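Engineer: Quick one: the structure is below, questions incoming.
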Amino acid sequence: MSGLVSYGGDPAIIASIDEIERSRSTLELVQQRLLKEFELLDFLVDPVARAALALHAPVLLARLEKLKWAAGVASDAYLGAEARITKQLDWVTSAVAKHPWLLNVLPNQVRSALPIVLLAGSAAATMVDGKAARLITRETLNMWPALATGQKSSGQDSVAAANMAAVGLGVITRSGRVGAEVETVGALGMRAAPTSIGAIAERVAATHVADKPTVVIERYTDGKRSVFVAYLPGMRSLEVGAGSEPFDLAAGVQQLADPEAAGSQAAVEEALRAAGVKPTDELVVAGYSQGGMVAGALASGTGGFNVSAIVTLGAPIAQLELPSETAVMAIEHSNDVIPALSGAINPLTENWVTVGREIDLHLGQSALTAHELDAYVETSKLIDEDYSVGVTRIRETVLKKFEGLRLVETQTFELKPIDG
């Protein structure tokens, strides 16, 4: 068994938690109204009809109770997901908060990744709506001051404390847009269109591990219309400030706070324009981690491009409002902390499927192991073998974008900061 779990993408099963709760309340009212029909005095009016109703009442009440139970299960699933978000962050925050000496024994790559989680958690908690955002604030501030500024948290205003720490590091800028230069560095040899989600993930991975920060853009055509596909890397640098790479730590936090102000967003938009993507051209975007956040922002309307589908790997995008006509495949490991930084739960809609699995972690392994790109590539290949309704619908929708088209151009763009 693949161990994949998915939801969404099925037009027969779509509802928000608010809609579920409204339905549950309505069922309760119907139950109460039905029970009031059997007062003794009511049988004095049209007793035959009342008696007939009384005969059917037990079955009706049982059905109503079953529907209420089903609504409760669905509602609990949402709450369970929010609880999972808190649990995902708990390992990273509480353990180090209670035992600061752990920082000295954690592997270097884990220590270096902690600021990503904490900064992004602060951004999500202070700038993104959602019930989970408040939980993220609490967990983040347990250990943030010690790692970032050496200050002691007063507990009086955790949101202000997180913002002060982030601004003090120069990670969250108060104004201004970070720009980027785009340089065409060559074209790859002709290759066939991707025929699977696994193939798309492999191309994202190849972009991410390139020596320099790059974006790869393919163009397909049938002579009448063009479809472009962009492959975006994840965060490549923990640096902040002038001269850093566009896909750096600062841009990762800004993607949560204000995508239009992020250097990675500006760089990708410039690359798309340099590749000749017009507002009327169809665009498919696939990205890992921060690249997935950029893909989500493009789909939400940032940049003015016509994004028809996105595939994201380990990216927090639940905070974004995406058009119902955009096909979304959000691949998220259940024990990966990064997608949880959105502070929200991916919606249950027919155009958006969320699919993933739990990554086995051995004793001593960081929870961030579940965020590794190799694991996401493997999960993507498992998705190609999954035939649940939602996964199949969205997978076929994405892959059909290339049907009947031929690949005519593949361009690679190197991304540089304007002040680099």
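Residues are named by chain letter and number: chains run A, B, ... in the order of the structure tokens, numbers start at 1 in each chain, and ligands are numbered from 1 in the order shown.
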Which residues are close to Trp352 (chain A), i.e. within 6 Å by only C-alpha atoms, leaving aside same-chain residues fewer than 6 positions away? Reply as a list in words.

Structural biologist: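 Using only C-alpha atoms, the neighbours found are Gly8, Gly9 and Val328 of chain A.
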
Engineer: Output C-alpha atoms for every residue in that selection, as a CSV table (one decimal), in the first residue's frame.

Structural biologist:
chain,number,residue,atom,x,y,z
A,8,GLY,CA,-10.7,17.4,-2.3
A,9,GLY,CA,-10.9,17.4,-6.1
A,328,VAL,CA,-4.6,22.7,-7.7

Engineer: Determine, counting only C-alpha atoms, which protein, DNA and RNA residues have an atom within 10 Å of an atom of Asp360 (chain A); residues of the same chain fewer than 4 positions away are not included. Present the result as a list of chain:residue names.

Structural biologist: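 Contacts, with the query itself left out: A:Asn335, A:Gln365, A:Ala367, A:Thr369, A:Ala370.
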
Engineer: With only C-alpha atoms as the basis for distance, which of A:Gly223, A:Pro246, A:Gly291, A:Gly390 is at the shortest distance from Thr207 (chain A)?

Structural biologist: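 Of A:Gly223, A:Pro246, A:Gly291, A:Gly390, the one nearest Thr207 (chain A), counting only C-alpha atoms, is A:Gly291.
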
Engineer: Using only C-alpha atoms, which protein or nucleic acid residues come within 12 Å of Phe305 (chain A)? Drop anything in the same chain fewer than 5 positions from it, and give the result as an NGL selection string.

Structural biologist: :A and (227-228 or 268-270 or 272-273 or 276-285 or 295-300 or 326)

Engineer: Just list as a PyMOL selection string whatever in region 215-284 of chain A DSSP marks as strand (DSSP E or B).

Structural biologist: chain A and resi 215-221+226-232+237+248+282-284

Engineer: Could you save those same residues with C-alpha atoms as an mmCIF file, in the first residue's frame?

Structural biologist:
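To be explicit, this is the file written out as result.cif:
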data_model
loop_
_atom_site.group_PDB
_atom_site.id
_atom_site.type_symbol
_atom_site.label_atom_id
_atom_site.label_comp_id
_atom_site.auth_asym_id
_atom_site.auth_seq_id
_atom_site.Cartn_x
_atom_site.Cartn_y
_atom_site.Cartn_z
ATOM 1 C CA VAL A 215 13.773 28.912 -13.261
ATOM 2 C CA VAL A 216 13.048 26.566 -16.168
ATOM 3 C CA ILE A 217 10.195 27.488 -18.521
ATOM 4 C CA GLU A 218 8.869 25.264 -21.296
ATOM 5 C CA ARG A 219 6.627 26.350 -24.174
ATOM 6 C CA TYR A 220 4.203 24.020 -25.930
ATOM 7 C CA THR A 221 2.090 24.846 -28.974
ATOM 8 C CA SER A 226 0.676 28.268 -26.466
ATOM 9 C CA VAL A 227 0.899 26.645 -23.051
ATOM 10 C CA PHE A 228 3.857 27.493 -20.825
ATOM 11 C CA VAL A 229 5.092 25.398 -17.909
ATOM 12 C CA ALA A 230 7.348 26.889 -15.205
ATOM 13 C CA TYR A 231 9.394 24.819 -12.737
ATOM 14 C CA LEU A 232 10.354 26.691 -9.563
ATOM 15 C CA SER A 237 19.712 30.614 0.864
ATOM 16 C CA ASP A 248 16.321 33.496 0.234
ATOM 17 C CA GLU A 282 -2.134 29.425 -20.506
ATOM 18 C CA LEU A 283 0.398 28.831 -17.728
ATOM 19 C CA VAL A 284 1.037 25.766 -15.566
#
